[in-house]
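The file entry30.cif comes next; it holds mmCIF, C-alpha atoms, pLDDT in the B column; chains and numbers go by the auth columns.
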```cif
data_input
loop_
_atom_site.group_PDB
_atom_site.id
_atom_site.type_symbol
_atom_site.label_atom_id
_atom_site.label_comp_id
_atom_site.label_asym_id
_atom_site.label_seq_id
_atom_site.Cartn_x
_atom_site.Cartn_y
_atom_site.Cartn_z
_atom_site.B_iso_or_equiv
_atom_site.auth_seq_id
_atom_site.auth_asym_id
ATOM 1 C CA TYR A 1 57.999 -58.876 28.210 85.00 1 A
ATOM 2 C CA ASP A 2 58.503 -61.770 30.609 89.00 2 A
ATOM 3 C CA LEU A 3 61.603 -60.355 32.305 93.00 3 A
ATOM 4 C CA ILE A 4 63.418 -57.084 32.846 95.00 4 A
ATOM 5 C CA LEU A 5 67.129 -57.153 33.678 95.00 5 A
ATOM 6 C CA MET A 6 67.220 -53.897 35.635 96.00 6 A
ATOM 7 C CA ASP A 7 70.452 -51.970 36.016 94.00 7 A
ATOM 8 C CA VAL A 8 70.399 -50.411 39.454 92.00 8 A
ATOM 9 C CA GLN A 9 72.636 -47.432 38.636 90.00 9 A
ATOM 10 C CA MET A 10 71.175 -45.507 35.727 90.00 10 A
ATOM 11 C CA PRO A 11 71.219 -41.770 35.020 90.00 11 A
ATOM 12 C CA GLU A 12 68.180 -39.667 35.925 92.00 12 A
ATOM 13 C CA MET A 13 66.106 -42.542 37.369 94.00 13 A
ATOM 14 C CA ASP A 14 67.831 -45.413 39.133 95.00 14 A
ATOM 15 C CA GLY A 15 66.650 -49.006 38.930 95.00 15 A
ATOM 16 C CA LEU A 16 65.047 -48.874 42.363 96.00 16 A
ATOM 17 C CA GLN A 17 62.870 -45.924 41.345 97.00 17 A
ATOM 18 C CA ALA A 18 62.084 -47.519 37.976 97.00 18 A
ATOM 19 C CA THR A 19 61.003 -50.739 39.689 97.00 19 A
ATOM 20 C CA ARG A 20 58.735 -48.874 42.083 97.00 20 A
ATOM 21 C CA LEU A 21 57.183 -46.980 39.182 97.00 21 A
ATOM 22 C CA LEU A 22 56.600 -50.143 37.135 96.00 22 A
ATOM 23 C CA THR A 23 55.013 -51.841 40.126 96.00 23 A
ATOM 24 C CA GLU A 24 52.803 -48.821 40.791 96.00 24 A
ATOM 25 C CA ARG A 25 51.657 -48.563 37.179 96.00 25 A
ATOM 26 C CA LEU A 26 51.383 -52.230 36.218 95.00 26 A
ATOM 27 C CA GLY A 27 50.777 -53.982 39.536 92.00 27 A
ATOM 28 C CA ALA A 28 50.591 -57.763 39.204 87.00 28 A
ATOM 29 C CA GLN A 29 50.764 -57.430 35.411 91.00 29 A
ATOM 30 C CA ARG A 30 54.357 -56.216 35.475 93.00 30 A
ATOM 31 C CA PRO A 31 57.143 -58.456 34.205 94.00 31 A
ATOM 32 C CA ARG A 32 59.510 -60.175 36.594 94.00 32 A
ATOM 33 C CA ILE A 33 62.334 -57.764 37.479 96.00 33 A
ATOM 34 C CA VAL A 34 65.874 -58.965 38.177 96.00 34 A
ATOM 35 C CA ALA A 35 68.448 -56.507 39.508 95.00 35 A
ATOM 36 C CA MET A 36 71.696 -56.605 37.584 92.00 36 A
ATOM 37 C CA THR A 37 74.269 -54.607 39.464 89.00 37 A
ATOM 38 C CA ALA A 38 77.871 -54.271 40.557 88.00 38 A
ATOM 39 C CA ASN A 39 76.530 -53.273 43.993 80.00 39 A
ATOM 40 C CA ALA A 40 77.357 -56.276 46.134 82.00 40 A
ATOM 41 C CA MET A 41 77.718 -54.706 49.544 84.00 41 A
ATOM 42 C CA LYS A 42 75.718 -55.751 52.571 86.00 42 A
ATOM 43 C CA GLY A 43 72.185 -54.436 52.222 90.00 43 A
ATOM 44 C CA ASP A 44 72.242 -53.939 48.433 92.00 44 A
ATOM 45 C CA ARG A 45 70.303 -57.145 47.733 92.00 45 A
ATOM 46 C CA GLU A 46 67.723 -56.242 50.372 94.00 46 A
ATOM 47 C CA ALA A 47 67.331 -52.724 48.930 95.00 47 A
ATOM 48 C CA CYS A 48 66.565 -54.208 45.516 95.00 48 A
ATOM 49 C CA LEU A 49 64.068 -56.708 46.903 95.00 49 A
ATOM 50 C CA ASP A 50 62.461 -54.024 49.104 96.00 50 A
ATOM 51 C CA ALA A 51 61.983 -51.869 45.979 96.00 51 A
ATOM 52 C CA GLY A 52 59.977 -54.730 44.461 95.00 52 A
ATOM 53 C CA MET A 53 62.545 -56.579 42.390 96.00 53 A
ATOM 54 C CA ASP A 54 62.114 -60.324 42.220 95.00 54 A
ATOM 55 C CA ASP A 55 65.749 -61.420 42.090 94.00 55 A
ATOM 56 C CA TYR A 56 69.292 -60.063 42.235 92.00 56 A
ATOM 57 C CA VAL A 57 72.334 -60.882 40.072 93.00 57 A
ATOM 58 C CA THR A 58 75.696 -59.223 40.645 91.00 58 A
ATOM 59 C CA LYS A 59 78.300 -58.166 38.093 89.00 59 A
ATOM 60 C CA PRO A 60 80.547 -59.598 36.891 92.00 60 A
ATOM 61 C CA ILE A 61 77.786 -61.980 35.932 91.00 61 A
ATOM 62 C CA ARG A 62 78.197 -65.650 36.719 92.00 62 A
ATOM 63 C CA VAL A 63 76.498 -67.681 34.012 94.00 63 A
ATOM 64 C CA GLU A 64 74.888 -70.041 36.514 95.00 64 A
ATOM 65 C CA ALA A 65 73.348 -67.111 38.444 91.00 65 A
ATOM 66 C CA LEU A 66 71.886 -65.631 35.265 93.00 66 A
ATOM 67 C CA VAL A 67 70.570 -69.008 34.116 94.00 67 A
ATOM 68 C CA ALA A 68 68.903 -69.529 37.507 92.00 68 A
ATOM 69 C CA ALA A 69 67.219 -66.105 37.297 90.00 69 A
ATOM 70 C CA LEU A 70 65.987 -66.886 33.790 91.00 70 A
ATOM 71 C CA GLN A 71 64.723 -70.338 34.740 91.00 71 A
ATOM 72 C CA ASN A 72 62.721 -68.843 37.614 88.00 72 A
ATOM 73 C CA THR A 73 60.836 -66.611 35.188 86.00 73 A
ATOM 74 C CA PRO A 74 57.460 -67.964 34.180 82.00 74 A
ATOM 75 C CA ALA A 75 56.379 -67.297 30.619 75.00 75 A
ATOM 76 C CA ARG A 76 53.605 -64.748 30.366 69.00 76 A
ATOM 77 C CA ARG A 77 50.537 -65.697 28.425 61.00 77 A
ATOM 78 C CA ALA A 78 50.098 -63.965 25.104 56.00 78 A
ATOM 79 C CA ALA A 79 47.245 -61.482 24.933 52.00 79 A
ATOM 80 C CA ALA A 80 44.156 -62.863 23.226 45.00 80 A
#
```
What does the file become when written as structure tokens?
Amino acid sequence: YDLILMDVQMPEMDGLQATRLLTERLGAQRPRIVAMTANAMKGDREACLDAGMDDYVTKPIRVEALVAALQNTPARRAAA
């Protein structure tokens, strides 16, 4: 995958934990991760970025914000 739209509030493992785990397991090979969350309080964006996410989009989603996140995602090269 080129991109993961990561929900921050999930049952059992939240998006912050999932991002840390993906980064630990896949390192630089992991897909770009964009937080998609209703959390829009001060510090929420920073918490997502500190966990290793690459971008942050709040709900309700503004089309232009989603398009910008998608356009900033480089295509991954197919495995040989």
### Task
Considering only C-alpha atoms, return as a PyMOL selection string whatever protein or nucleic-acid residues lie within 12 Å of stretch 67-71 of chain A, sequence-local ones (same chain, fewer than 6 positions apart) excluded.
chain A and resi 2-5+32-36+53-58+61
Output for the residues just chosen: C-alpha atoms as an mmCIF file, keeping the file's coordinate frame:
```cif
data_model
loop_
_atom_site.group_PDB
_atom_site.id
_atom_site.type_symbol
_atom_site.label_atom_id
_atom_site.label_comp_id
_atom_site.auth_asym_id
_atom_site.auth_seq_id
_atom_site.Cartn_x
_atom_site.Cartn_y
_atom_site.Cartn_z
ATOM 1 C CA ASP A 2 58.503 -61.770 30.609
ATOM 2 C CA LEU A 3 61.603 -60.355 32.305
ATOM 3 C CA ILE A 4 63.418 -57.084 32.846
ATOM 4 C CA LEU A 5 67.129 -57.153 33.678
ATOM 5 C CA ARG A 32 59.510 -60.175 36.594
ATOM 6 C CA ILE A 33 62.334 -57.764 37.479
ATOM 7 C CA VAL A 34 65.874 -58.965 38.177
ATOM 8 C CA ALA A 35 68.448 -56.507 39.508
ATOM 9 C CA MET A 36 71.696 -56.605 37.584
ATOM 10 C CA MET A 53 62.545 -56.579 42.390
ATOM 11 C CA ASP A 54 62.114 -60.324 42.220
ATOM 12 C CA ASP A 55 65.749 -61.420 42.090
ATOM 13 C CA TYR A 56 69.292 -60.063 42.235
ATOM 14 C CA VAL A 57 72.334 -60.882 40.072
ATOM 15 C CA THR A 58 75.696 -59.223 40.645
ATOM 16 C CA ILE A 61 77.786 -61.980 35.932
#
```
## Note on the structure
Restricting to only C-alpha atoms, whichever of A:Ala51, A:Pro74, A:Ala38, A:Gly43 is closest to A:Gln17 is A:Ala51
### Task
Can you work out the spacing between atom CA of A:Thr73 and atom CA of A:Pro31 in Å, to one decimal?
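Straight-line distance from atom CA of A:Thr73 to atom CA of A:Pro31 works out to 9.0 Å.
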### Query
Which is closest to A:Ala28 among A:Met6, A:Gly52, A:Glu46, A:Gly15, if we use all atoms listed in the file?
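Answer, going by the shortest atom-to-atom distance: A:Gly52.
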### Message
Set the distance at 9 Å and use all atoms listed in the file: which residues neighbour A:Arg30 once local chain neighbours fewer than 4 positions away are removed? I'd like the list as a list in words.
### Response
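My reading of the contact set: Tyr1, Asp2, Leu3, Leu22, Thr23, Arg25 and Leu26 of chain A.
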### Message
Just to confirm, what's the straight-line distance from atom CA of A:Arg45 to atom CA of A:Met10 in Å (one decimal)?
### Response
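Between these atoms lies a distance of 16.7 Å.
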### Task
Have a look at atom CA of A:Ala75 and atom CA of A:Lys59 and let me know their distance in Å, one decimal.
24.9 Å
### Message
When you count all atoms listed in the file, which of these residues is closest to A:Pro60: A:Thr37, A:Lys42, A:Ala47, A:Glu24?
### Response
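Among the listed residues, A:Thr37 lies closest to A:Pro60.
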### Message
When you count only C-alpha atoms, which of these residues is closest to A:Asp44: A:Ala65, A:Met13, A:Ala18, A:Val8?
### Response
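Of all the options, A:Val8 lies closest to A:Asp44.
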### Query
Of the candidates A:Cys48, A:Leu66, A:Asn72, A:Asp7, which shows the shortest atom-to-atom distance to A:Arg20, using all atoms listed in the file?
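For A:Arg20, the nearest of the given residues is A:Cys48.
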